[in-house]
>>> print(open('model33.txt').read())   # compact mmCIF, C-alpha atoms
# COMPACT_ATOMS: atom_id res chain seq x y z
CA MET A 27 -0.31 -15.58 -66.42
CA ALA A 28 0.34 -17.54 -63.21
CA ALA A 29 4.08 -17.04 -63.70
CA ASN A 30 3.69 -13.38 -62.91
CA PRO A 31 4.70 -13.01 -59.27
CA MET A 32 2.35 -10.06 -58.85
CA TYR A 33 -0.64 -12.00 -60.16
CA GLN A 34 -1.32 -13.40 -56.70
CA PHE A 35 -2.18 -9.91 -55.49
CA ASN A 36 -4.93 -9.40 -58.04
CA VAL A 37 -8.31 -8.60 -56.61
CA TYR A 38 -11.27 -9.99 -58.50
CA ARG A 39 -14.97 -10.00 -57.99
CA ILE A 40 -16.68 -13.03 -56.49
CA GLY A 41 -20.38 -13.22 -57.20
CA PRO A 42 -22.53 -10.39 -58.47
CA GLU A 43 -21.49 -6.79 -58.80
CA ILE A 44 -22.80 -4.72 -55.91
CA LYS A 45 -22.99 -1.03 -56.69
CA ILE A 46 -24.39 1.76 -54.59
CA GLY A 47 -24.60 4.73 -56.87
CA GLU A 48 -21.21 5.02 -58.48
CA ILE A 49 -19.42 3.14 -55.67
CA ASP A 50 -18.41 -0.47 -56.26
CA LEU A 51 -18.86 -2.54 -53.09
CA SER A 52 -18.59 -5.96 -54.74
CA PHE A 53 -17.55 -8.99 -52.71
CA THR A 54 -14.02 -9.88 -53.80
CA ASN A 55 -11.43 -12.49 -52.94
CA ALA A 56 -9.97 -9.94 -50.50
CA SER A 57 -13.33 -9.67 -48.78
CA LEU A 58 -13.58 -13.45 -48.70
CA PHE A 59 -10.29 -13.80 -46.84
CA MET A 60 -11.23 -11.01 -44.44
CA VAL A 61 -14.42 -12.92 -43.64
CA ILE A 62 -12.54 -16.23 -43.34
CA SER A 63 -9.94 -14.73 -40.98
CA SER A 64 -12.57 -13.06 -38.80
CA LEU A 65 -14.68 -16.20 -38.65
CA ALA A 66 -11.66 -18.34 -37.80
CA ILE A 67 -10.75 -15.99 -34.95
CA LEU A 68 -14.31 -15.92 -33.67
CA ILE A 69 -14.72 -19.71 -33.84
CA ILE A 70 -11.40 -20.50 -32.16
CA PHE A 71 -11.81 -17.96 -29.37
CA ASN A 72 -15.45 -18.77 -28.87
CA LEU A 73 -14.55 -22.42 -28.39
CA GLY A 74 -11.81 -21.39 -26.01
CA ALA A 75 -14.06 -19.06 -24.03
CA GLN A 76 -16.94 -21.52 -23.71
CA LYS A 77 -14.98 -23.94 -21.58
CA LYS A 78 -14.62 -22.92 -17.97
CA ASN A 79 -12.27 -25.57 -16.68
CA ILE A 80 -9.95 -24.70 -13.85
CA ILE A 81 -7.30 -26.79 -15.60
CA PRO A 82 -7.64 -25.67 -19.24
CA ASP A 83 -7.62 -28.01 -22.22
CA LYS A 84 -5.77 -27.22 -25.44
CA ILE A 85 -8.18 -24.83 -27.14
CA GLN A 86 -8.92 -23.05 -23.87
CA LEU A 87 -5.22 -22.76 -23.16
CA LEU A 88 -4.66 -21.30 -26.63
CA SER A 89 -7.21 -18.54 -26.15
CA GLU A 90 -6.12 -17.83 -22.60
CA LEU A 91 -2.44 -17.68 -23.55
CA SER A 92 -3.27 -15.30 -26.40
CA TYR A 93 -5.26 -13.18 -23.97
CA THR A 94 -2.45 -12.97 -21.44
CA PHE A 95 0.13 -12.44 -24.21
CA VAL A 96 -1.67 -9.39 -25.60
CA SER A 97 -2.59 -8.19 -22.14
CA LYS A 98 1.04 -8.34 -21.02
CA MET A 99 2.19 -6.63 -24.21
CA ILE A 100 -0.20 -3.73 -23.57
CA SER A 101 0.63 -3.34 -19.90
CA ASP A 102 4.37 -3.49 -20.66
CA THR A 103 4.30 -0.82 -23.35
CA ALA A 104 1.34 1.43 -22.48
CA GLY A 105 0.79 0.82 -18.78
CA SER A 106 -2.43 0.19 -16.88
CA LYS A 107 -4.20 3.21 -18.43
CA ALA A 108 -4.44 1.36 -21.75
CA LYS A 109 -6.71 -1.37 -20.33
CA PRO A 110 -9.91 0.01 -21.94
CA TYR A 111 -8.28 -0.39 -25.36
CA PHE A 112 -7.41 -4.03 -24.79
CA SER A 113 -10.27 -5.39 -26.92
CA PHE A 114 -9.30 -3.22 -29.86
CA ILE A 115 -5.62 -4.12 -29.78
CA PHE A 116 -6.45 -7.78 -29.28
CA SER A 117 -8.79 -7.74 -32.30
CA LEU A 118 -6.21 -5.83 -34.33
CA PHE A 119 -3.38 -8.23 -33.48
CA MET A 120 -5.50 -11.31 -34.15
CA PHE A 121 -6.93 -9.91 -37.39
CA VAL A 122 -3.52 -9.04 -38.80
CA LEU A 123 -2.01 -12.31 -37.57
CA PHE A 124 -4.77 -14.46 -39.08
CA CYS A 125 -4.78 -12.54 -42.37
CA ASN A 126 -0.99 -13.00 -42.61
CA MET A 127 -1.20 -16.68 -41.72
CA PHE A 128 -4.05 -17.41 -44.13
CA GLY A 129 -1.94 -15.72 -46.77
CA MET A 130 0.69 -18.41 -46.24
CA ILE A 131 -1.62 -21.10 -47.61
CA PRO A 132 -0.78 -21.65 -51.29
CA TYR A 133 -3.25 -20.12 -53.77
CA SER A 134 -4.86 -18.08 -51.01
CA PHE A 135 -4.99 -14.31 -50.86
CA THR A 136 -3.09 -12.13 -48.39
CA VAL A 137 -5.36 -9.34 -47.24
CA THR A 138 -2.54 -7.47 -45.53
CA SER A 139 -0.46 -7.35 -48.71
CA HIS A 140 -2.69 -4.55 -49.92
CA ILE A 141 -1.64 -1.04 -48.99
CA ILE A 142 -5.20 0.18 -48.83
CA VAL A 143 -6.13 -2.32 -46.12
CA THR A 144 -3.10 -1.65 -43.94
CA PHE A 145 -3.40 2.08 -44.54
CA VAL A 146 -7.02 2.16 -43.44
CA LEU A 147 -6.09 0.27 -40.26
CA ALA A 148 -3.11 2.54 -39.61
CA ALA A 149 -5.06 5.71 -40.37
CA PHE A 150 -7.82 4.61 -38.03
CA ILE A 151 -5.24 4.00 -35.29
CA PHE A 152 -3.55 7.35 -36.00
CA ILE A 153 -6.79 9.32 -35.88
CA GLY A 154 -8.02 7.41 -32.83
CA VAL A 155 -4.78 7.92 -30.93
CA THR A 156 -4.72 11.63 -31.79
CA ILE A 157 -8.32 12.05 -30.60
CA ILE A 158 -7.55 10.16 -27.36
CA GLY A 159 -4.50 12.37 -26.83
CA PHE A 160 -6.46 15.57 -27.24
CA ILE A 161 -9.29 14.30 -25.01
CA LYS A 162 -6.88 13.29 -22.23
CA HIS A 163 -4.57 16.30 -22.32
CA GLY A 164 -6.38 19.03 -24.26
CA PHE A 165 -4.00 21.30 -26.11
CA GLY A 166 -1.28 20.06 -23.74
CA TYR A 167 -1.03 17.11 -26.12
CA LEU A 168 0.88 19.42 -28.46
CA LYS A 169 3.74 19.28 -25.94
CA LEU A 170 4.45 15.90 -27.57
CA PHE A 171 6.21 17.89 -30.32
CA VAL A 172 8.41 19.79 -27.84
CA PRO A 173 10.80 17.36 -26.17
CA SER A 174 12.17 18.53 -22.83
CA GLY A 175 15.88 19.25 -22.42
CA VAL A 176 16.43 20.49 -25.97
CA PRO A 177 18.45 23.72 -26.45
CA VAL A 178 16.22 26.64 -27.46
CA VAL A 179 18.26 27.18 -30.63
CA LEU A 180 17.47 23.71 -31.88
CA LEU A 181 13.83 23.86 -30.84
CA PRO A 182 12.29 25.05 -34.17
CA LEU A 183 14.11 22.30 -36.04
CA ILE A 184 13.20 19.61 -33.49
CA VAL A 185 9.53 20.63 -33.48
CA VAL A 186 9.38 20.38 -37.27
CA ILE A 187 11.06 16.96 -37.18
CA GLU A 188 8.73 15.76 -34.44
CA ILE A 189 5.65 16.89 -36.36
CA ILE A 190 6.83 15.20 -39.54
CA SER A 191 7.62 11.98 -37.67
CA TYR A 192 4.21 12.10 -35.98
CA LEU A 193 2.39 12.64 -39.25
CA SER A 194 4.34 9.89 -40.98
CA ARG A 195 3.29 7.34 -38.38
CA PRO A 196 0.29 5.96 -40.32
CA ILE A 197 2.37 5.74 -43.47
CA SER A 198 5.28 3.93 -41.81
CA LEU A 199 2.92 1.64 -39.93
CA SER A 200 0.94 0.66 -43.02
CA VAL A 201 3.84 0.48 -45.46
CA ARG A 202 5.88 -1.70 -43.07
CA LEU A 203 3.20 -4.40 -42.95
CA PHE A 204 2.19 -4.12 -46.60
CA ALA A 205 5.76 -4.14 -47.93
CA ASN A 206 6.80 -7.06 -45.77
CA MET A 207 3.87 -9.14 -46.87
CA MET A 208 4.12 -8.22 -50.52
CA ALA A 209 7.89 -8.68 -50.72
CA GLY A 210 7.76 -12.04 -48.99
CA HIS A 211 5.01 -13.42 -51.15
CA THR A 212 6.57 -12.05 -54.35
CA MET A 213 9.89 -13.62 -53.46
CA MET A 214 8.28 -16.99 -52.78
CA LYS A 215 6.44 -16.78 -56.08
CA VAL A 216 9.65 -15.89 -57.92
CA PHE A 217 11.53 -18.81 -56.41
CA GLY A 218 8.57 -21.06 -57.15
CA GLY A 219 8.77 -19.88 -60.76
CA PHE A 220 12.49 -20.75 -60.83
CA VAL A 221 11.71 -24.28 -59.70
CA VAL A 222 9.42 -24.72 -62.68
CA SER A 223 11.65 -22.98 -65.22
CA LEU A 224 14.87 -24.78 -64.15
CA GLY A 225 13.11 -28.11 -64.17
CA ILE A 226 14.22 -31.33 -62.52
CA VAL A 227 17.91 -30.64 -63.10
CA GLY A 228 18.42 -27.19 -61.59
CA GLY A 229 15.18 -26.75 -59.69
CA TRP A 230 16.40 -28.19 -56.42
CA LEU A 231 18.27 -25.12 -55.27
CA PRO A 232 15.34 -22.69 -55.61
CA LEU A 233 13.06 -25.38 -54.16
CA SER A 234 15.16 -25.62 -51.00
CA PHE A 235 15.18 -21.83 -50.94
CA SER A 236 11.41 -21.87 -51.17
CA VAL A 237 11.17 -24.22 -48.22
CA ALA A 238 13.44 -22.01 -46.13
CA LEU A 239 11.53 -18.93 -47.25
CA THR A 240 8.23 -20.48 -46.17
CA GLY A 241 9.59 -20.84 -42.65
CA LEU A 242 10.90 -17.29 -42.73
CA GLU A 243 7.59 -15.98 -44.04
CA ILE A 244 5.63 -17.68 -41.26
CA LEU A 245 7.97 -15.99 -38.79
CA VAL A 246 7.54 -12.67 -40.59
CA ALA A 247 3.75 -13.12 -40.59
CA PHE A 248 3.77 -13.43 -36.81
CA LEU A 249 6.41 -10.78 -36.29
CA GLN A 250 4.68 -8.17 -38.44
CA ALA A 251 1.38 -8.71 -36.64
CA TYR A 252 3.24 -8.32 -33.35
CA VAL A 253 5.05 -5.20 -34.55
CA PHE A 254 1.81 -3.71 -35.80
CA ALA A 255 0.14 -4.29 -32.44
CA ILE A 256 3.08 -3.16 -30.36
CA LEU A 257 3.52 0.06 -32.36
CA THR A 258 -0.16 0.76 -31.80
CA CYS A 259 0.50 0.27 -28.09
CA ILE A 260 3.45 2.66 -28.22
CA TYR A 261 1.40 5.34 -30.01
CA LEU A 262 -1.34 4.80 -27.46
CA ASN A 263 1.22 5.16 -24.68
CA ASP A 264 2.25 8.57 -26.10
CA ALA A 265 -1.37 9.66 -26.06
CA LEU A 266 -2.15 8.31 -22.57
CA ASN A 267 1.03 9.12 -20.69
CA LEU A 268 2.46 12.36 -22.02
CA HIS A 269 6.13 12.14 -21.04
CA HIS A 270 7.59 15.09 -22.85
CA MET B 8 31.73 -21.82 -63.69
CA LYS B 9 28.56 -23.77 -63.11
CA LYS B 10 27.61 -21.32 -60.42
CA ILE B 11 28.02 -18.36 -62.70
CA ILE B 12 25.83 -20.00 -65.31
CA LEU B 13 23.19 -20.76 -62.70
CA LEU B 14 23.32 -17.20 -61.38
CA ASN B 15 22.96 -15.88 -64.91
CA ILE B 16 19.94 -18.05 -65.47
CA PHE B 17 18.44 -16.77 -62.22
CA TYR B 18 19.15 -13.22 -63.17
CA PHE B 19 17.68 -13.43 -66.64
CA SER B 20 14.58 -15.26 -65.56
CA PHE B 21 14.07 -12.72 -62.80
CA CYS B 22 14.44 -9.91 -65.32
CA THR B 23 11.94 -11.47 -67.71
CA VAL B 24 9.52 -11.99 -64.83
CA ALA B 25 9.93 -8.38 -63.74
CA VAL B 26 9.48 -7.10 -67.27
CA LYS B 27 6.36 -9.23 -67.70
CA SER B 28 4.86 -7.90 -64.48
CA ALA B 29 5.65 -4.37 -65.55
CA GLU B 30 3.83 -5.02 -68.81
CA LYS B 31 0.77 -6.14 -66.88
CA GLY B 32 0.64 -2.80 -65.10
CA GLY B 33 2.79 -3.51 -62.05
CA MET B 34 1.37 -3.80 -58.58
CA PRO B 35 -2.32 -4.63 -58.36
CA GLN B 36 -2.20 -2.94 -54.95
CA LEU B 37 -2.01 0.45 -56.59
CA ASP B 38 -5.02 -0.16 -58.83
CA PRO B 39 -7.83 1.79 -57.16
CA GLU B 40 -10.61 -0.24 -58.77
CA PHE B 41 -11.46 -2.24 -55.62
CA TRP B 42 -10.17 0.15 -52.95
CA VAL B 43 -13.59 1.24 -51.82
CA SER B 44 -14.81 -2.33 -51.76
CA GLN B 45 -11.82 -3.38 -49.67
CA ILE B 46 -12.32 -0.50 -47.22
CA PHE B 47 -16.01 -1.36 -46.98
CA TRP B 48 -15.48 -5.05 -46.31
CA LEU B 49 -12.58 -4.36 -43.96
CA THR B 50 -14.82 -2.07 -41.91
CA ILE B 51 -17.57 -4.67 -41.80
CA THR B 52 -15.41 -7.70 -40.97
CA PHE B 53 -13.07 -5.96 -38.56
CA GLY B 54 -15.95 -4.10 -36.95
CA THR B 55 -17.90 -7.32 -36.44
CA LEU B 56 -14.80 -9.07 -35.15
CA PHE B 57 -14.10 -6.26 -32.70
CA LEU B 58 -17.69 -6.06 -31.46
CA VAL B 59 -18.14 -9.81 -30.97
CA LEU B 60 -14.72 -10.22 -29.35
CA SER B 61 -15.14 -7.27 -26.98
CA LYS B 62 -18.78 -7.91 -26.06
CA PHE B 63 -18.97 -11.69 -25.83
CA ILE B 64 -15.70 -13.57 -26.04
CA LEU B 65 -13.00 -11.56 -24.26
CA PRO B 66 -15.08 -10.91 -21.11
CA ARG B 67 -15.63 -14.65 -20.78
CA ILE B 68 -11.94 -15.41 -21.13
CA SER B 69 -11.14 -12.71 -18.62
CA GLN B 70 -13.76 -14.15 -16.25
CA ASN B 71 -12.21 -17.58 -16.62
CA LEU B 72 -8.76 -16.24 -15.87
CA GLU B 73 -10.04 -14.27 -12.88
CA LYS B 74 -11.93 -17.30 -11.61
CA ARG B 75 -8.80 -19.42 -11.87
CA ARG B 76 -6.73 -16.75 -10.13
CA LEU B 77 -9.24 -16.58 -7.26
CA GLN B 78 -9.41 -20.36 -7.06
CA ILE B 79 -5.64 -20.58 -6.85
CA LEU B 80 -5.53 -17.90 -4.17
CA GLU B 81 -8.23 -19.71 -2.24
CA ASN B 82 -6.39 -22.99 -2.53
CA ILE B 83 -3.19 -21.37 -1.32
CA GLU B 84 -5.08 -19.90 1.62
CA THR B 85 -6.63 -23.25 2.48
CA ALA B 86 -3.27 -24.95 2.21
CA GLU B 87 -1.74 -22.33 4.50
CA LYS B 88 -4.52 -22.82 7.03
CA GLN B 89 -4.15 -26.56 6.94
CA ARG B 90 -0.42 -26.25 7.36
CA GLU B 91 -0.91 -24.08 10.43
CA GLN B 92 -3.44 -26.52 11.81
CA SER B 93 -1.11 -29.44 11.29
CA GLU B 94 1.74 -27.56 12.94
CA LYS B 95 -0.52 -26.86 15.88
CA ASN B 96 -1.51 -30.49 16.06
CA LEU B 97 2.10 -31.53 15.93
CA LYS B 98 2.92 -29.20 18.82
CA GLU B 99 0.01 -30.57 20.85
CA PHE B 100 1.15 -34.07 20.10
CA ASP B 101 4.67 -33.23 21.25
CA GLU B 102 3.30 -31.71 24.42
CA ILE B 103 1.19 -34.75 25.13
CA ILE B 104 4.16 -37.02 24.58
CA LEU B 105 6.33 -34.89 26.88
CA LYS B 106 3.65 -34.86 29.57
CA SER B 107 3.12 -38.59 29.43
CA LYS B 108 6.86 -39.15 29.56
CA ASN B 109 7.10 -37.00 32.68
CA LYS B 110 4.20 -38.81 34.22
CA ALA B 111 5.74 -42.17 33.42
CA THR B 112 8.99 -41.11 35.10
CA GLU B 113 7.07 -39.93 38.14
CA VAL B 114 5.14 -43.16 38.40
CA MET B 115 8.30 -45.14 38.01
CA LEU B 116 10.09 -43.15 40.69
CA ALA B 117 7.16 -43.53 43.09
CA ALA B 118 7.00 -47.24 42.48
CA ARG B 119 10.72 -47.59 43.01
CA GLU B 120 10.57 -45.62 46.23
CA LYS B 121 7.73 -47.77 47.45
CA VAL B 122 9.53 -50.95 46.58
CA VAL B 123 12.77 -49.72 48.14
CA SER B 124 11.04 -48.69 51.35
CA GLU B 125 9.26 -52.03 51.54
CA ILE B 126 12.49 -53.84 50.95
CA THR B 127 14.23 -51.82 53.66
CA LYS B 128 11.34 -52.45 56.02
CA LYS B 129 11.45 -56.16 55.39
CA LYS B 130 15.19 -56.18 55.65
CA MET B 131 15.04 -54.37 58.96
CA LYS B 132 12.43 -56.81 60.25
CA LEU B 133 14.53 -59.67 59.08
CA ASP B 134 17.55 -58.19 60.76
CA GLU B 135 15.61 -57.79 63.98
CA ASP B 136 14.35 -61.33 63.78
CA LEU B 137 17.80 -62.58 63.09
CA THR B 138 19.27 -60.60 65.98
CA SER B 139 16.65 -61.90 68.40
CA GLU B 140 17.18 -65.44 67.17
CA ILE B 141 20.92 -65.08 67.52
CA GLN B 142 20.45 -63.68 71.01
CA ASN B 143 18.21 -66.58 71.96
CA VAL B 144 20.63 -69.10 70.59
CA GLU B 145 23.52 -67.36 72.32
CA LYS B 146 21.60 -67.43 75.57
CA GLU B 147 20.96 -71.13 75.13
CA ILE B 148 24.62 -71.68 74.37
CA ILE B 149 25.61 -69.74 77.45
CA GLU B 150 23.14 -71.71 79.48
CA LEU B 151 24.44 -74.91 78.03
CA LYS B 152 27.95 -73.78 78.69
CA LEU B 153 27.09 -72.93 82.21
CA SER B 154 25.31 -76.22 82.81
CA SER B 155 27.77 -78.43 80.96
CA PRO B 156 30.63 -78.64 83.61
CA LYS B 157 28.21 -79.99 86.26
CA LYS B 158 26.90 -82.61 83.90
CA ILE B 159 30.41 -83.46 82.78
CA ASN B 160 31.46 -83.77 86.42
CA PHE B 161 28.53 -85.98 87.16
CA ILE B 162 29.14 -88.19 84.13
CA ALA B 163 32.87 -88.31 84.82
CA SER B 164 32.43 -89.29 88.45
CA ASN B 165 29.85 -91.90 87.55
CA LEU B 166 32.14 -93.21 84.87
CA THR B 167 35.07 -93.28 87.24
CA ASN B 168 32.98 -95.09 89.82
CA GLU B 169 31.94 -97.69 87.32
CA VAL B 170 35.49 -98.12 86.03
CA ILE B 171 36.85 -98.48 89.52
CA LYS B 172 34.06 -100.94 90.42
CA ARG B 173 34.87 -103.08 87.41
CA LEU B 174 38.58 -102.89 87.91
CA ILE B 175 38.77 -103.34 91.59
CA GLY B 176 35.35 -104.74 92.38
CA THR B 177 34.72 -102.48 95.29
CA GLU B 178 32.51 -99.50 95.86
CA VAL B 179 34.31 -96.31 96.39
CA ASN B 180 32.99 -93.35 98.24
CA GLU B 181 31.21 -91.30 95.79
CA SER B 182 32.00 -87.95 97.21
CA ARG B 183 35.70 -88.71 97.21
CA VAL B 184 35.58 -89.81 93.60
CA SER B 185 33.71 -86.74 92.50
CA ALA B 186 36.12 -84.54 94.39
CA LEU B 187 39.01 -86.22 92.64
CA VAL B 188 37.36 -85.98 89.27
CA GLU B 189 36.64 -82.31 89.86
CA GLN B 190 40.22 -81.72 90.77
CA GLU B 191 41.41 -83.51 87.62
CA LEU B 192 38.98 -81.66 85.43
CA LYS B 193 40.08 -78.34 86.83
CA LYS B 194 43.64 -79.32 86.09
CA LEU B 195 42.57 -80.24 82.53
CA SER B 196 40.62 -77.11 81.96
CA ARG B 197 43.53 -75.05 83.27
CA GLY B 198 45.80 -76.93 80.86
CA THR B 199 43.60 -76.26 77.88
CA ASN B 200 42.62 -72.78 79.07
CA GLY B 201 39.23 -73.96 80.18
CA ILE B 202 37.50 -75.08 77.08
>>> encode(input="model33.txt", output="structure tokens")
Amino acid sequence: MAANPMYQFNVYRIGPEIKIGEIDLSFTNASLFMVISSLAILIIFNLGAQKKNIIPDKIQLLSELSYTFVSKMISDTAGSKAKPYFSFIFSLFMFVLFCNMFGMIPYSFTVTSHIIVTFVLAAFIFIGVTIIGFIKHGFGYLKLFVPSGVPVVLLPLIVVIEIISYLSRPISLSVRLFANMMAGHTMMKVFGGFVVSLGIVGGWLPLSFSVALTGLEILVAFLQAYVFAILTCIYLNDALNLHH
Amino acid sequence: MKKIILLNIFYFSFCTVAVKSAEKGGMPQLDPEFWVSQIFWLTITFGTLFLVLSKFILPRISQNLEKRRLQILENIETAEKQREQSEKNLKEFDEIILKSKNKATEVMLAAREKVVSEITKKKMKLDEDLTSEIQNVEKEIIELKLSSPKKINFIASNLTNEVIKRLIGTEVNESRVSALVEQELKKLSRGTNGI
């Protein structure tokens, strides 16, 4: 059973079954890791925010560097108008990052390797950004689909392409994160399985591969969280500063 | 050869693993059994995270950062002020040094002048004294010079008288002797240009 590389993605109930009507809201291992990630973020940043030293110590420096990192990322990609959305993007980045990183612990569960989780996040971002766009620009937001400087002949085609690319944003955003996480963890599991099946004689090669893959996966975990956050910033930039 | 065998083993084991997973129903991600539960818990955890971060934690971090920024700005300002003050002090110090140097030169010059004038005064007085002394002495010499021929005459005639008295044993007329002596002396002084 454990040899199945997809087994690690199984969701199972922890504790009693919670049902409201026909809907199953049971606490699962996925929920557990969501709670763990959120709590870890809250504890670390609360510790960092409590200290008010002029010269920061380690934990304070960590939280302040994260703050300035995300803040710089937002101002670089979406400009100063995106400041009110800082808290959201910070939470998003940290949540995805911590879920990815907790997933790297052996026998843990990767929340972000489930399409439903990433899709809900991406859909929320997509709907939110669209609403912000329409509030800021009214129906002028539809100009987003009509790029300037395009020959009139090509315009119908371009508009269709732009609309499709806009509508596919939540899918690309969610599938990118989900697929990266799932593929990485599956691959590590497969190589781990090779180590066991090839035994002490031939197991060294997949083992060294596993070690290298662990490093790569930690990088991917950070990178995907960063990409997720920065794409959110870019979508937000489209909604806030209509350039077309 | 070994490599090919190894690769084959990899390939077959991968295939068996894949087949096994396919038998189990493939990706658990696509099983909608716990989708609603996941959405529900995601909303709760992420919502709580967002609320707590945005209401309590992030404002404090931002305050800290702002406080540090202000503190640094203040420190820079203070440092700038102190630098200006020290530059000012340095300038004042230089001025004071320059002034005191000038004053020292002045005092030195005045003292030198005073000393020089005193020296010249004393020198002049000394010169005057010396001149008057020399004049006095010269006068005395002249007087002596003037009086010396008479005395010499007198001594010479007396001497001649005595010599003659001892030699001959007779007194000679004094006036004649002195006339003779005078005559001889004149001859002598003419011969030696009257020393």
>>> atom_distance(input="model33.txt", atom1="CA of Leu91 in chain A", atom2="CA of Phe71 in chain A")
11.0 Å
>>> closest_residue(input="model33.txt", among="A:Asp264, A:Glu48, A:Asp102, A:Glu188", to="chain B", atoms="only C-alpha atoms")
A:Glu48
>>> closest_atom_pairs(input="model33.txt", of="chain A", to="chain B", cutoff="7 Å", atoms="only C-alpha atoms", output="CSV")
residue,atom,partner,partner_atom,distance
A:Asn30,CA,B:Ser28,CA,5.8
A:Met32,CA,B:Met34,CA,6.3
A:Phe35,CA,B:Pro35,CA,6.0
A:Asn36,CA,B:Pro35,CA,5.4
A:Asp50,CA,B:Ser44,CA,6.1
A:Leu51,CA,B:Ser44,CA,4.3
A:Ser52,CA,B:Ser44,CA,6.0
A:Ala56,CA,B:Gln45,CA,6.9
A:Ser57,CA,B:Trp48,CA,5.7
A:Met60,CA,B:Thr52,CA,6.4
A:Val61,CA,B:Thr52,CA,5.9
A:Ser64,CA,B:Leu56,CA,5.8
A:Phe71,CA,B:Ile64,CA,6.7
A:Asn72,CA,B:Ile64,CA,5.9
A:Ala75,CA,B:Ile68,CA,5.1
A:Lys78,CA,B:Asn71,CA,6.0
A:Ile80,CA,B:Arg75,CA,5.8
A:Glu90,CA,B:Ile68,CA,6.5
A:Ser113,CA,B:Ser61,CA,5.2
A:Phe114,CA,B:Phe57,CA,6.4
A:Ser117,CA,B:Phe57,CA,5.5
A:His140,CA,B:Gln36,CA,5.3
A:Ile141,CA,B:Gln36,CA,6.3
A:Ile142,CA,B:Trp42,CA,6.5
A:Val143,CA,B:Ile46,CA,6.5
>>> axis_aligned_box(input="model33.txt", around="range 160-171 of chain A", padding_each_side="6 Å", output="AutoDock Vina command-line options")
--center_x -1.5 --center_y 17.3 --center_z -26.3 --size_x 27.5 --size_y 20.0 --size_z 20.1
>>> atom_distance(input="model33.txt", atom1="CA of Lys98 in chain A", atom2="CA of Gln250 in chain A")
17.8 Å
>>> residues_around(input="model33.txt", residues="Leu73 in chain A", least_positions_apart="5", cutoff="9 Å", atoms="all atoms listed in the file", output="ChimeraX atom specification")
/A:68,85-86,89
>>> write_last_selection(input="model33.txt", atoms="C-alpha atoms", output="short mmCIF file (atom, residue, chain, number, x, y, z; two decimals), keeping the file's coordinate frame")
data_model
loop_
_atom_site.label_atom_id
_atom_site.label_comp_id
_atom_site.auth_asym_id
_atom_site.auth_seq_id
_atom_site.Cartn_x
_atom_site.Cartn_y
_atom_site.Cartn_z
CA LEU A 68 -14.31 -15.92 -33.67
CA ILE A 85 -8.18 -24.83 -27.14
CA GLN A 86 -8.92 -23.05 -23.87
CA SER A 89 -7.21 -18.54 -26.15
#
>>> residues_around(input="model33.txt", residues="range 160-164 of chain A", least_positions_apart="6", cutoff="12 Å", atoms="only C-alpha atoms", output="PyMOL selection string")
chain A and resi 107+153-154+170+262-269
>>> atom_distance(input="model33.txt", atom1="CA of Glu189 in chain B", atom2="CA of Glu147 in chain B")
24.2 Å
>>> residues_near_point(input="model33.txt", point="(15.5, -25.0, -59.4)", cutoff="6 Å", atoms="all atoms listed in the file", output="ChimeraX atom specification")
/A:220-221,224,228-233
>>> residues_around(input="model33.txt", residues="range 157-160 of chain B", least_positions_apart="6", cutoff="9 Å", atoms="only C-alpha atoms", output="ChimeraX atom specification")
/B:185,188-189,192
>>> residues_around(input="model33.txt", residues="Leu58 in chain A", least_positions_apart="3", cutoff="9 Å", atoms="all atoms listed in the file", output="ChimeraX atom specification")
/A:40,53-55,61-63,135 /B:48
>>> decode(input="model33.txt", residues="range 240-248 of chain A", atoms="N, CA and C atoms", output="compact mmCIF listing (two decimals), in the first residue's frame")
# COMPACT_ATOMS: atom_id res chain seq x y z
N THR A 240 15.33 16.14 -3.07
CA THR A 240 14.83 16.84 -1.88
C THR A 240 15.24 18.31 -1.93
N GLY A 241 16.51 18.53 -2.29
CA GLY A 241 16.97 19.92 -2.43
C GLY A 241 16.17 20.65 -3.48
N LEU A 242 15.99 20.00 -4.62
CA LEU A 242 15.24 20.61 -5.72
C LEU A 242 13.81 20.92 -5.29
N GLU A 243 13.22 19.99 -4.54
CA GLU A 243 11.82 20.16 -4.14
C GLU A 243 11.66 21.32 -3.15
N ILE A 244 12.67 21.48 -2.29
CA ILE A 244 12.61 22.63 -1.35
C ILE A 244 12.66 23.93 -2.15
N LEU A 245 13.53 23.94 -3.16
CA LEU A 245 13.60 25.11 -4.03
C LEU A 245 12.26 25.34 -4.73
N VAL A 246 11.68 24.25 -5.27
CA VAL A 246 10.41 24.35 -5.98
C VAL A 246 9.32 24.83 -5.03
N ALA A 247 9.36 24.34 -3.78
CA ALA A 247 8.34 24.74 -2.80
C ALA A 247 8.36 26.25 -2.61
N PHE A 248 9.58 26.81 -2.49
CA PHE A 248 9.67 28.26 -2.34
C PHE A 248 9.27 28.97 -3.62
